[in-house]
>>> print(open('model-v6.csv').read())   # CSV, C-alpha atoms
chain,number,residue,atom,x,y,z
A,1,MET,CA,-2.8,18.3,-53.8
A,2,LYS,CA,1.0,18.3,-53.1
A,3,LYS,CA,0.6,21.9,-51.9
A,4,ILE,CA,-2.1,20.9,-49.4
A,5,ILE,CA,-0.1,18.0,-48.0
A,6,TRP,CA,3.0,20.3,-47.6
A,7,LEU,CA,0.9,22.9,-45.7
A,8,VAL,CA,-0.4,20.2,-43.3
A,9,VAL,CA,3.1,18.9,-42.7
A,10,THR,CA,4.4,22.4,-42.1
A,11,PHE,CA,1.5,23.0,-39.6
A,12,LEU,CA,2.4,19.9,-37.6
A,13,LEU,CA,6.0,20.9,-37.4
A,14,VAL,CA,5.4,24.3,-35.9
A,15,ILE,CA,2.9,23.2,-33.2
A,16,PRO,CA,4.1,24.8,-30.0
A,17,THR,CA,4.9,22.6,-27.0
A,18,VAL,CA,2.3,23.9,-24.6
A,19,LYS,CA,1.2,21.8,-21.6
A,20,GLY,CA,-2.6,21.8,-21.5
A,21,GLU,CA,-3.4,22.8,-25.1
A,22,GLU,CA,-6.9,24.3,-25.5
A,23,LYS,CA,-7.2,22.2,-28.7
A,24,ASN,CA,-5.8,18.7,-29.2
A,25,LEU,CA,-3.9,19.5,-32.4
A,26,LEU,CA,-1.9,16.2,-32.7
A,27,ALA,CA,-4.6,13.8,-31.7
A,28,PRO,CA,-7.9,15.6,-32.3
A,29,SER,CA,-10.1,12.6,-32.0
A,30,ALA,CA,-8.7,11.4,-28.6
A,31,LYS,CA,-10.2,12.3,-25.2
A,32,SER,CA,-6.7,12.7,-23.9
A,33,ALA,CA,-3.2,12.4,-25.2
A,34,ILE,CA,0.4,12.8,-24.1
A,35,LEU,CA,3.9,12.6,-25.7
A,36,ILE,CA,7.0,12.3,-23.6
A,37,GLU,CA,10.8,11.7,-24.1
A,38,VAL,CA,12.0,8.8,-22.0
A,39,SER,CA,15.5,9.6,-20.9
A,40,THR,CA,14.6,13.1,-19.6
A,41,GLY,CA,10.9,12.4,-18.8
A,42,GLU,CA,10.0,15.7,-20.5
A,43,VAL,CA,6.5,16.3,-21.8
A,44,LEU,CA,6.6,17.3,-25.5
A,45,TYR,CA,2.8,17.5,-25.9
A,46,GLU,CA,-0.3,16.9,-23.9
A,47,PHE,CA,-4.0,17.3,-23.9
A,48,ASN,CA,-6.3,16.5,-20.9
A,49,SER,CA,-3.4,14.2,-19.8
A,50,HIS,CA,-4.7,13.9,-16.2
A,51,GLU,CA,-8.3,13.1,-17.0
A,52,LYS,CA,-9.3,9.8,-15.3
A,53,LEU,CA,-10.5,7.4,-17.9
A,54,ALA,CA,-10.8,3.6,-18.4
A,55,PRO,CA,-7.4,2.4,-19.5
A,56,ALA,CA,-8.6,-1.0,-20.9
A,57,SER,CA,-5.7,-3.4,-21.7
A,58,MET,CA,-3.1,-0.7,-21.2
A,59,THR,CA,-3.6,-1.8,-17.6
A,60,LYS,CA,-1.4,-4.8,-18.5
A,61,MET,CA,1.6,-2.5,-18.7
A,62,MET,CA,1.6,-2.3,-14.9
A,63,SER,CA,1.2,-6.0,-14.7
A,64,LEU,CA,4.2,-6.4,-16.9
A,65,VAL,CA,6.3,-4.0,-14.7
A,66,LEU,CA,5.7,-6.4,-11.8
A,67,ILE,CA,6.4,-9.5,-14.0
A,68,MET,CA,9.7,-8.0,-15.2
A,69,GLU,CA,10.7,-7.1,-11.7
A,70,ALA,CA,10.1,-10.7,-10.7
A,71,LEU,CA,12.2,-12.0,-13.5
A,72,GLU,CA,15.1,-9.6,-12.7
A,73,ASN,CA,15.1,-10.4,-8.9
A,74,GLY,CA,15.2,-14.1,-9.7
A,75,SER,CA,11.8,-15.0,-8.1
A,76,LEU,CA,10.6,-16.0,-11.6
A,77,LYS,CA,12.3,-17.5,-14.6
A,78,GLU,CA,11.2,-17.5,-18.2
A,79,THR,CA,11.4,-21.3,-18.3
A,80,ASP,CA,9.1,-21.6,-15.2
A,81,MET,CA,5.9,-23.5,-16.1
A,82,ILE,CA,2.7,-21.8,-14.9
A,83,THR,CA,-0.5,-23.8,-14.4
A,84,ALA,CA,-3.7,-22.0,-15.5
A,85,SER,CA,-6.4,-21.8,-12.9
A,86,LYS,CA,-10.1,-21.9,-13.6
A,87,ASN,CA,-10.2,-18.2,-12.9
A,88,ALA,CA,-7.6,-17.6,-15.6
A,89,SER,CA,-9.1,-19.8,-18.2
A,90,ASP,CA,-12.6,-18.3,-17.6
A,91,MET,CA,-11.4,-14.8,-18.4
A,92,GLY,CA,-13.4,-13.1,-21.2
A,93,GLY,CA,-12.2,-10.6,-23.8
A,94,SER,CA,-9.0,-11.2,-25.7
A,95,GLN,CA,-7.3,-14.4,-24.7
A,96,ILE,CA,-4.9,-17.2,-25.7
A,97,LEU,CA,-7.4,-19.9,-24.9
A,98,LEU,CA,-5.8,-21.3,-21.8
A,99,GLU,CA,-7.5,-24.4,-20.4
A,100,GLU,CA,-7.9,-25.0,-16.7
A,101,GLY,CA,-4.8,-27.0,-15.6
A,102,GLU,CA,-2.8,-26.2,-18.7
A,103,LYS,CA,0.9,-25.6,-18.1
A,104,MET,CA,2.6,-22.8,-20.1
A,105,SER,CA,6.0,-21.3,-19.7
A,106,VAL,CA,6.5,-17.7,-18.5
A,107,ASP,CA,8.2,-17.0,-21.9
A,108,ASP,CA,5.0,-18.0,-23.8
A,109,LEU,CA,2.7,-16.3,-21.4
A,110,LEU,CA,4.7,-13.1,-21.9
A,111,LYS,CA,4.1,-13.4,-25.6
A,112,GLY,CA,0.4,-14.0,-24.9
A,113,ILE,CA,0.2,-10.8,-22.9
A,114,THR,CA,2.4,-8.4,-25.0
A,115,ILE,CA,1.4,-9.6,-28.5
A,116,ALA,CA,-2.2,-10.9,-28.2
A,117,SER,CA,-3.2,-9.0,-25.0
A,118,GLY,CA,-4.4,-12.2,-23.4
A,119,ASN,CA,-6.5,-11.6,-20.3
A,120,ASP,CA,-6.2,-15.3,-19.4
A,121,ALA,CA,-2.4,-15.1,-19.7
A,122,VAL,CA,-2.0,-12.0,-17.5
A,123,VAL,CA,-4.3,-13.5,-14.8
A,124,ALA,CA,-2.3,-16.7,-14.8
A,125,MET,CA,0.9,-14.7,-14.3
A,126,ALA,CA,-0.8,-12.5,-11.6
A,127,GLU,CA,-1.8,-15.5,-9.6
A,128,ALA,CA,1.7,-17.1,-9.9
A,129,ILE,CA,3.4,-13.9,-8.6
A,130,GLY,CA,0.8,-12.6,-6.1
A,131,GLY,CA,-0.7,-15.9,-5.0
A,132,SER,CA,-4.1,-14.5,-6.1
A,133,GLU,CA,-5.1,-11.9,-8.6
A,134,ALA,CA,-6.4,-9.8,-5.7
A,135,ASN,CA,-3.0,-9.7,-4.0
A,136,PHE,CA,-1.4,-9.0,-7.3
A,137,VAL,CA,-3.7,-6.0,-7.9
A,138,ASN,CA,-2.7,-4.7,-4.4
A,139,MET,CA,0.9,-4.9,-5.6
A,140,MET,CA,0.0,-3.0,-8.8
A,141,ASN,CA,-1.6,-0.2,-6.7
A,142,LYS,CA,1.4,-0.1,-4.4
A,143,LYS,CA,3.7,0.3,-7.4
A,144,ALA,CA,1.5,3.1,-8.7
A,145,ASN,CA,1.9,4.9,-5.4
A,146,GLU,CA,5.7,4.3,-5.4
A,147,LEU,CA,5.8,5.9,-8.9
A,148,GLY,CA,3.9,8.9,-7.6
A,149,LEU,CA,0.9,8.4,-9.8
A,150,LYS,CA,-2.2,10.4,-8.7
A,151,ASP,CA,-4.7,9.5,-11.4
A,152,THR,CA,-4.7,5.7,-11.2
A,153,HIS,CA,-6.4,2.9,-9.3
A,154,PHE,CA,-6.6,-0.7,-10.5
A,155,GLN,CA,-9.3,-3.3,-9.8
A,156,ASN,CA,-7.9,-6.1,-11.9
A,157,SER,CA,-4.7,-7.1,-13.8
A,158,HIS,CA,-6.1,-7.1,-17.3
A,159,GLY,CA,-8.2,-3.9,-17.9
A,160,LEU,CA,-11.7,-5.2,-18.5
A,161,ASP,CA,-14.1,-2.4,-17.4
A,162,ALA,CA,-14.7,-2.3,-13.7
A,163,GLU,CA,-16.0,0.3,-11.2
A,164,ASN,CA,-13.1,2.3,-9.7
A,165,HIS,CA,-10.6,1.1,-12.3
A,166,TYR,CA,-9.1,4.1,-14.0
A,167,SER,CA,-6.0,5.9,-15.0
A,168,SER,CA,-4.9,8.8,-17.2
A,169,ALA,CA,-2.7,9.4,-20.2
A,170,TYR,CA,0.0,10.9,-18.0
A,171,ASP,CA,0.0,8.0,-15.6
A,172,MET,CA,0.0,5.5,-18.5
A,173,ALA,CA,3.0,7.3,-19.9
A,174,MET,CA,4.8,7.1,-16.6
A,175,ILE,CA,4.0,3.4,-16.3
A,176,ALA,CA,5.3,2.8,-19.8
A,177,LYS,CA,8.5,4.8,-19.0
A,178,GLU,CA,9.0,2.5,-16.0
A,179,LEU,CA,8.3,-0.6,-18.1
A,180,VAL,CA,10.8,0.2,-20.9
A,181,ARG,CA,13.5,0.5,-18.2
A,182,HIS,CA,13.3,-3.3,-18.4
A,183,GLU,CA,14.6,-3.6,-21.9
A,184,LYS,CA,13.8,-7.3,-22.1
A,185,ILE,CA,10.1,-6.4,-22.5
A,186,LEU,CA,10.8,-4.8,-25.9
A,187,GLU,CA,12.0,-8.2,-27.2
A,188,TYR,CA,8.4,-9.4,-26.7
A,189,SER,CA,6.4,-6.2,-27.6
A,190,SER,CA,8.3,-5.8,-30.9
A,191,ILE,CA,7.2,-9.2,-32.2
A,192,TYR,CA,4.5,-8.8,-34.8
A,193,GLU,CA,3.5,-12.5,-35.1
A,194,THR,CA,4.4,-15.8,-33.6
A,195,TYR,CA,2.9,-19.1,-32.5
A,196,LEU,CA,2.1,-20.8,-29.2
A,197,ARG,CA,1.8,-24.5,-28.6
A,198,THR,CA,3.8,-25.3,-31.8
A,199,GLY,CA,3.8,-28.9,-32.8
A,200,THR,CA,0.4,-29.6,-31.1
A,201,ASP,CA,-3.1,-29.8,-32.4
A,202,ARG,CA,-3.8,-26.6,-30.4
A,203,GLN,CA,-1.2,-24.5,-32.2
A,204,THR,CA,-2.2,-20.8,-31.8
A,205,TRP,CA,-1.3,-17.9,-34.1
A,206,LEU,CA,-0.6,-14.6,-32.3
A,207,VAL,CA,-0.7,-11.3,-34.2
A,208,ASN,CA,0.3,-8.1,-32.4
A,209,THR,CA,-2.6,-5.9,-31.6
A,210,ASN,CA,-0.2,-2.9,-32.0
A,211,LYS,CA,0.0,-2.6,-35.8
A,212,LEU,CA,2.5,0.2,-35.7
A,213,VAL,CA,5.1,-2.4,-34.7
A,214,ARG,CA,4.9,-3.7,-38.3
A,215,PHE,CA,4.1,-0.6,-40.2
A,216,LYS,CA,6.2,2.2,-38.6
A,217,ASP,CA,9.9,1.9,-38.4
A,218,GLY,CA,11.3,2.3,-34.9
A,219,VAL,CA,8.2,1.3,-33.0
A,220,ASP,CA,8.9,-1.6,-30.7
A,221,GLY,CA,5.9,-1.6,-28.3
A,222,LEU,CA,4.0,-1.2,-26.2
A,223,LYS,CA,0.2,-1.8,-25.5
A,224,THR,CA,-3.2,-1.4,-27.1
A,225,GLY,CA,-6.5,-1.3,-25.3
A,226,TYR,CA,-10.2,-1.4,-26.1
A,227,THR,CA,-13.4,-1.8,-24.2
A,228,LYS,CA,-16.9,-0.2,-24.6
A,229,ASP,CA,-16.2,2.2,-21.8
A,230,SER,CA,-12.6,3.1,-22.8
A,231,GLY,CA,-12.8,3.4,-26.6
A,232,TYR,CA,-9.7,2.7,-28.5
A,233,CYS,CA,-6.4,3.3,-26.6
A,234,LEU,CA,-2.8,3.0,-27.4
A,235,THR,CA,0.6,3.5,-25.7
A,236,ALA,CA,3.3,3.3,-28.3
A,237,THR,CA,7.1,3.7,-27.9
A,238,MET,CA,9.5,4.4,-30.7
A,239,LYS,CA,13.3,4.8,-30.8
A,240,LYS,CA,15.4,6.5,-33.4
A,241,GLU,CA,19.1,7.1,-33.0
A,242,ASN,CA,19.6,7.9,-29.3
A,243,MET,CA,16.1,9.2,-28.5
A,244,ARG,CA,13.1,7.1,-27.3
A,245,VAL,CA,9.6,8.6,-27.0
A,246,ILE,CA,6.3,7.4,-25.6
A,247,ALA,CA,2.9,8.4,-27.0
A,248,VAL,CA,-0.4,7.7,-25.4
A,249,VAL,CA,-4.0,8.3,-26.6
A,250,MET,CA,-7.2,7.4,-24.8
A,251,GLY,CA,-10.8,7.3,-26.0
A,252,GLU,CA,-10.2,7.2,-29.7
A,253,PRO,CA,-13.2,6.3,-32.0
A,254,SER,CA,-11.5,3.5,-33.9
A,255,SER,CA,-8.2,1.5,-34.1
A,256,THR,CA,-7.4,3.2,-37.4
A,257,THR,CA,-7.7,6.7,-35.9
A,258,ARG,CA,-5.7,5.8,-32.8
A,259,ASN,CA,-2.9,4.4,-35.0
A,260,SER,CA,-2.9,7.4,-37.3
A,261,GLU,CA,-2.9,10.0,-34.5
A,262,VAL,CA,-0.2,8.2,-32.5
A,263,GLY,CA,1.8,8.1,-35.7
A,264,ASN,CA,1.4,11.9,-36.0
A,265,MET,CA,2.6,12.4,-32.5
A,266,LEU,CA,5.7,10.2,-33.0
A,267,ASP,CA,6.5,12.0,-36.2
A,268,TYR,CA,6.2,15.4,-34.5
A,269,ALA,CA,8.6,14.3,-31.7
A,270,PHE,CA,11.4,13.2,-34.0
A,271,ALA,CA,10.9,16.2,-36.4
A,272,GLN,CA,11.1,18.7,-33.6
A,273,TYR,CA,13.4,17.2,-31.0
A,274,GLY,CA,16.7,15.5,-30.4
A,275,ILE,CA,18.9,14.3,-27.5
A,276,GLN,CA,22.2,15.6,-26.6
A,277,LYS,CA,24.1,13.1,-24.4
A,278,LEU,CA,26.3,14.9,-21.9
A,279,LEU,CA,27.7,12.1,-19.8
A,280,SER,CA,27.4,8.3,-19.6
A,281,LYS,CA,27.2,6.4,-16.3
A,282,ASP,CA,30.8,5.4,-17.0
A,283,SER,CA,32.1,9.0,-17.5
A,284,VAL,CA,34.7,9.9,-14.9
A,285,VAL,CA,33.9,13.4,-13.6
A,286,ASP,CA,36.4,13.5,-10.8
A,287,ASN,CA,39.1,11.6,-9.0
A,288,VAL,CA,39.2,11.8,-5.2
A,289,LYS,CA,41.9,10.9,-2.7
A,290,LEU,CA,40.7,8.9,0.2
A,291,GLU,CA,43.2,8.8,3.1
A,292,LYS,CA,41.7,5.9,5.1
A,293,SER,CA,40.7,3.6,2.2
A,294,LYS,CA,42.6,0.7,0.5
A,295,GLN,CA,42.4,2.7,-2.7
A,296,GLU,CA,44.2,6.0,-2.4
A,297,ASN,CA,42.3,7.4,-5.3
A,298,VAL,CA,38.8,6.6,-6.6
A,299,ASN,CA,37.0,7.6,-9.8
A,300,ILE,CA,33.7,9.4,-9.4
A,301,ILE,CA,31.0,8.7,-11.9
A,302,PRO,CA,27.3,9.7,-12.5
A,303,LYS,CA,24.7,7.1,-11.2
A,304,GLU,CA,23.0,7.3,-14.6
A,305,ASP,CA,23.4,8.5,-18.2
A,306,VAL,CA,22.9,12.3,-18.5
A,307,SER,CA,21.1,13.6,-21.5
A,308,ILE,CA,19.1,16.7,-22.3
A,309,LEU,CA,16.3,17.3,-24.7
A,310,ILE,CA,17.0,20.0,-27.3
A,311,LYS,CA,15.0,21.4,-30.2
A,312,LYS,CA,16.6,20.6,-33.5
A,313,MET,CA,16.5,24.2,-34.5
A,314,ASP,CA,18.7,25.1,-31.5
A,315,SER,CA,22.5,24.7,-31.3
A,316,LYS,CA,24.0,22.2,-28.9
A,317,ILE,CA,24.8,23.5,-25.5
A,318,VAL,CA,28.3,23.6,-23.9
A,319,PRO,CA,27.7,22.6,-20.3
A,320,THR,CA,29.7,23.4,-17.2
A,321,TYR,CA,29.7,21.2,-14.1
A,322,ASP,CA,29.7,21.8,-10.3
A,323,ILE,CA,30.4,19.0,-7.9
A,324,SER,CA,29.4,18.8,-4.2
A,325,TYR,CA,30.3,15.9,-1.9
A,326,HIS,CA,28.7,14.5,1.2
A,327,LYS,CA,30.9,13.5,4.0
A,328,MET,CA,33.1,10.8,2.4
A,329,LYS,CA,33.4,7.5,4.2
A,330,SER,CA,36.4,5.1,4.1
A,331,SER,CA,34.1,2.3,2.7
A,332,ILE,CA,31.8,3.0,-0.2
A,333,GLU,CA,29.7,0.6,-2.3
A,334,VAL,CA,29.1,1.1,-6.1
A,335,GLY,CA,25.8,2.8,-6.4
A,336,GLU,CA,26.0,4.5,-3.0
A,337,VAL,CA,25.3,8.2,-3.4
A,338,ILE,CA,28.4,10.2,-2.4
A,339,GLY,CA,27.6,13.6,-3.9
A,340,ARG,CA,25.8,15.6,-6.5
A,341,LEU,CA,26.7,16.9,-9.9
A,342,THR,CA,25.0,20.1,-11.0
A,343,ILE,CA,25.0,20.8,-14.8
A,344,LYS,CA,24.7,24.3,-16.0
A,345,ASN,CA,24.3,26.1,-19.3
A,346,ASP,CA,25.1,29.9,-19.2
A,347,ASN,CA,24.9,29.7,-15.3
A,348,THR,CA,21.4,28.2,-15.6
A,349,VAL,CA,20.9,24.8,-13.9
A,350,ILE,CA,19.6,22.4,-16.5
A,351,ARG,CA,20.1,19.0,-14.6
A,352,GLU,CA,21.3,17.5,-11.4
A,353,VAL,CA,22.4,13.9,-10.9
A,354,ASP,CA,23.7,11.8,-8.1
A,355,LEU,CA,27.3,10.7,-8.0
A,356,THR,CA,28.8,7.4,-7.0
A,357,VAL,CA,32.1,5.5,-7.2
A,358,SER,CA,33.3,3.4,-10.2
A,359,GLU,CA,34.4,0.5,-8.0
A,360,PRO,CA,33.9,-0.7,-4.4
A,361,VAL,CA,36.0,1.2,-1.9
A,362,LYS,CA,37.2,-0.8,1.1
A,363,LYS,CA,38.4,0.6,4.4
A,364,ALA,CA,42.2,0.4,4.9
A,365,ASN,CA,43.6,-1.6,7.8
A,366,ILE,CA,46.7,-0.7,9.9
A,367,LEU,CA,49.1,-2.6,7.5
A,368,ASP,CA,47.7,-0.8,4.5
A,369,LEU,CA,48.2,2.6,6.2
A,370,PHE,CA,51.7,1.7,7.3
A,371,LEU,CA,52.8,0.6,3.8
A,372,ARG,CA,51.3,3.7,2.3
A,373,TYR,CA,53.1,5.9,4.9
A,374,GLY,CA,56.4,4.1,4.0
A,375,LYS,CA,55.8,4.6,0.3
A,376,ASP,CA,55.1,8.3,0.8
A,377,ILE,CA,58.3,8.7,2.7
A,378,ILE,CA,60.3,7.0,-0.1
A,379,THR,CA,58.6,8.9,-2.9
A,380,GLY,CA,58.9,12.2,-1.0
A,381,ASN,CA,55.2,12.7,-0.7
A,382,ILE,CA,55.7,13.5,3.0
A,383,ASN,CA,57.7,16.7,3.7
A,384,PHE,CA,59.4,16.7,7.0
A,385,LYS,CA,60.2,20.1,8.4
>>> encode(input="model-v6.csv", output="structure tokens")
Amino acid sequence: MKKIIWLVVTFLLVIPTVKGEEKNLLAPSAKSAILIEVSTGEVLYEFNSHEKLAPASMTKMMSLVLIMEALENGSLKETDMITASKNASDMGGSQILLEEGEKMSVDDLLKGITIASGNDAVVAMAEAIGGSEANFVNMMNKKANELGLKDTHFQNSHGLDAENHYSSAYDMAMIAKELVRHEKILEYSSIYETYLRTGTDRQTWLVNTNKLVRFKDGVDGLKTGYTKDSGYCLTATMKKENMRVIAVVMGEPSSTTRNSEVGNMLDYAFAQYGIQKLLSKDSVVDNVKLEKSKQENVNIIPKEDVSILIKKMDSKIVPTYDISYHKMKSSIEVGEVIGRLTIKNDNTVIREVDLTVSEPVKKANILDLFLRYGKDIITGNINFK
């Protein structure tokens, strides 16, 4: 028996990373599947990943993207109280039993969406942000276009089956990748159980529909789904050390199978791959002298952390860097792109990243330039011939 188990494990660990596998080796019961690493966006494994299928409640990931954006831009606060409409309270499927006119905080509604997959909760939030669910759905489709998703069209904010409501495993992975950029969401999706309406006669117990949150170390989200049309679906994310991956399965025959096969995909990712961090967004890659700015010298940094995906059996790379600059202005804001960093390994380009400044650069006035000129004379930085 031990020999059989060892052979199965060995087989999983040597599965080649081939896009468009003829056989779905990691999730054989799923209609489609995909496995990606988040920081690089690289696909580690996929099967029928662009097939358009009913996404069920995984739809709520896009709703959550818009909710998190509203929280971050200040148009919404976690303490805001949202009043449930009749439309929200009448939603079928999974729900947190909102009553028409009931007020609930954004914080609790987020728990209702991420933990219990409450259709009523997400509709209440959609109406609060979009003015109506229809307007909110337009926002969802606009966001899908902005993310470059080709296999997705939404008809509602919750994921109940509807004509012309579809997505793909690939698009769901890209939406999940966008969602986990808002790290606050993981504080909600990682909760296994909690209560709403505590201290009232309507206290409600919530248990996470994503059982991997409890039973697999490192899993801290993200969203399950099930309808008659979709079958059992799951988007899960897991972090170990400095690597985060996202696994998606669609069209599974049971919740047990989807959990098991997603678990296999996650195990495969961490058995085979690792992340080599090359630079952080605080790494100084150059120092440039600016003649007409208040600061004579400014540190140049990447706009984002720079990591690469490596196979664990491979040795770490020793990168080289090339820098090219745009025409430099005398006034530059942090985040403004001023050049490009090209990262190479053995003269092969492996990554490119935008460059910016580490602090705001202000244009020098006449007095600044006069004082600098005088200082250069005193220190001998100007050579008169």
>>> closest_residue(input="model-v6.csv", among="A:Leu212, A:Val353, A:Val288, A:Ile113", to="Ile300 of chain A", atoms="only C-alpha atoms")
A:Val288
>>> atom_distance(input="model-v6.csv", atom1="atom CA of Val248 of chain A", atom2="atom CA of Leu35 of chain A")
6.5 Å
>>> closest_residue(input="model-v6.csv", among="A:Glu102, A:Asp151, A:Glu291, A:Asp90", to="Val123 of chain A", atoms="only C-alpha atoms")
A:Asp90
>>> atom_distance(input="model-v6.csv", atom1="atom CA of Ile323 of chain A", atom2="atom CA of Glu359 of chain A")
18.9 Å
>>> atom_distance(input="model-v6.csv", atom1="atom CA of Ala70 of chain A", atom2="atom CA of Gly112 of chain A")
17.5 Å
>>> closest_residue(input="model-v6.csv", among="A:Glu42, A:Asp80, A:Asp217, A:Asp107", to="Lys239 of chain A", atoms="all atoms listed in the file")
A:Asp217
>>> closest_residue(input="model-v6.csv", among="A:Lys77, A:Lys111, A:His165, A:Arg258", to="Asn141 of chain A", atoms="only C-alpha atoms")
A:His165
>>> residues_around(input="model-v6.csv", residues="Ala88 of chain A", least_positions_apart="2", cutoff="12 Å", atoms="all atoms listed in the file", output="PyMOL selection string")
chain A and resi 82-86+90-93+95-103+109+118-128+132-133+157-158
>>> residues_around(input="model-v6.csv", residues="segment 168-185 of chain A", least_positions_apart="2", cutoff="6 Å", atoms="all atoms listed in the file", output="PyMOL selection string")
chain A and resi 33+49-53+65+149+151+187-188+248
>>> residues_around(input="model-v6.csv", residues="Leu234 of chain A", least_positions_apart="2", cutoff="6 Å", atoms="all atoms listed in the file", output="list in words")
Lys223, Thr224, Val248 and Val249 of chain A
>>> closest_residue(input="model-v6.csv", among="A:Asn345, A:Thr237, A:Ser324, A:Ser254", to="Asp267 of chain A", atoms="all atoms listed in the file")
A:Thr237
>>> closest_residue(input="model-v6.csv", among="A:Gly130, A:Gly231, A:Gly335, A:Pro253", to="Lys281 of chain A", atoms="all atoms listed in the file")
A:Gly335
>>> residues_around(input="model-v6.csv", residues="Pro302 of chain A", least_positions_apart="6", cutoff="12 Å", atoms="all atoms listed in the file", output="ChimeraX atom specification")
/A:278-286,321,323,334-343,351-358
>>> residues_around(input="model-v6.csv", residues="Pro55 of chain A", least_positions_apart="3", cutoff="9 Å", atoms="all atoms listed in the file", output="number ranges by chain")
A: 52, 58-59, 159-161, 165-169, 172, 225-227, 230-231, 233, 250-251
>>> write_last_selection(input="model-v6.csv", atoms="C-alpha atoms", output="compact mmCIF listing (two decimals), in the coordinates of the input")
# COMPACT_ATOMS: atom_id res chain seq x y z
CA LYS A 52 -9.30 9.80 -15.30
CA MET A 58 -3.10 -0.70 -21.20
CA THR A 59 -3.60 -1.80 -17.60
CA GLY A 159 -8.20 -3.90 -17.90
CA LEU A 160 -11.70 -5.20 -18.50
CA ASP A 161 -14.10 -2.40 -17.40
CA HIS A 165 -10.60 1.10 -12.30
CA TYR A 166 -9.10 4.10 -14.00
CA SER A 167 -6.00 5.90 -15.00
CA SER A 168 -4.90 8.80 -17.20
CA ALA A 169 -2.70 9.40 -20.20
CA MET A 172 0.00 5.50 -18.50
CA GLY A 225 -6.50 -1.30 -25.30
CA TYR A 226 -10.20 -1.40 -26.10
CA THR A 227 -13.40 -1.80 -24.20
CA SER A 230 -12.60 3.10 -22.80
CA GLY A 231 -12.80 3.40 -26.60
CA CYS A 233 -6.40 3.30 -26.60
CA MET A 250 -7.20 7.40 -24.80
CA GLY A 251 -10.80 7.30 -26.00
>>> residues_near_point(input="model-v6.csv", point="(16.5, 8.8, -25.6)", cutoff="10 Å", atoms="all atoms listed in the file", output="list in words")
Glu37, Val38, Ser39, Thr40, Gly41, Met238, Lys239, Lys240, Glu241, Asn242, Met243, Arg244, Val245, Gly274, Ile275, Gln276, Lys277, Ser307, Ile308 and Leu309 of chain A
>>> build_atoms(input="model-v6.csv", residues="segment 300-311 of chain A", atoms="N, CA and C atoms", output="short mmCIF file (atom, residue, chain, number, x, y, z; two decimals), in the coordinates of the input")
data_model
loop_
_atom_site.label_atom_id
_atom_site.label_comp_id
_atom_site.auth_asym_id
_atom_site.auth_seq_id
_atom_site.Cartn_x
_atom_site.Cartn_y
_atom_site.Cartn_z
N ILE A 300 35.10 9.06 -9.70
CA ILE A 300 33.70 9.40 -9.40
C ILE A 300 32.94 9.49 -10.71
N ILE A 301 31.77 8.83 -10.72
CA ILE A 301 31.00 8.70 -11.90
C ILE A 301 29.50 9.08 -11.64
N PRO A 302 28.71 9.47 -12.66
CA PRO A 302 27.30 9.70 -12.50
C PRO A 302 26.58 8.34 -12.20
N LYS A 303 25.48 8.37 -11.48
CA LYS A 303 24.70 7.10 -11.20
C LYS A 303 23.91 6.73 -12.47
N GLU A 304 23.77 7.64 -13.41
CA GLU A 304 23.00 7.30 -14.60
C GLU A 304 23.48 8.15 -15.78
N ASP A 305 23.10 7.74 -16.98
CA ASP A 305 23.40 8.50 -18.20
C ASP A 305 22.78 9.91 -18.04
N VAL A 306 23.44 10.91 -18.54
CA VAL A 306 22.90 12.30 -18.50
C VAL A 306 22.72 12.81 -19.86
N SER A 307 21.46 13.03 -20.22
CA SER A 307 21.10 13.60 -21.50
C SER A 307 20.16 14.74 -21.34
N ILE A 308 20.12 15.60 -22.32
CA ILE A 308 19.10 16.70 -22.30
C ILE A 308 18.40 16.71 -23.62
N LEU A 309 17.18 17.19 -23.55
CA LEU A 309 16.30 17.30 -24.70
C LEU A 309 16.59 18.68 -25.36
N ILE A 310 16.81 18.69 -26.67
CA ILE A 310 17.00 20.00 -27.30
C ILE A 310 16.12 20.03 -28.57
N LYS A 311 15.71 21.24 -28.91
CA LYS A 311 15.00 21.40 -30.20
C LYS A 311 15.99 21.39 -31.30
#
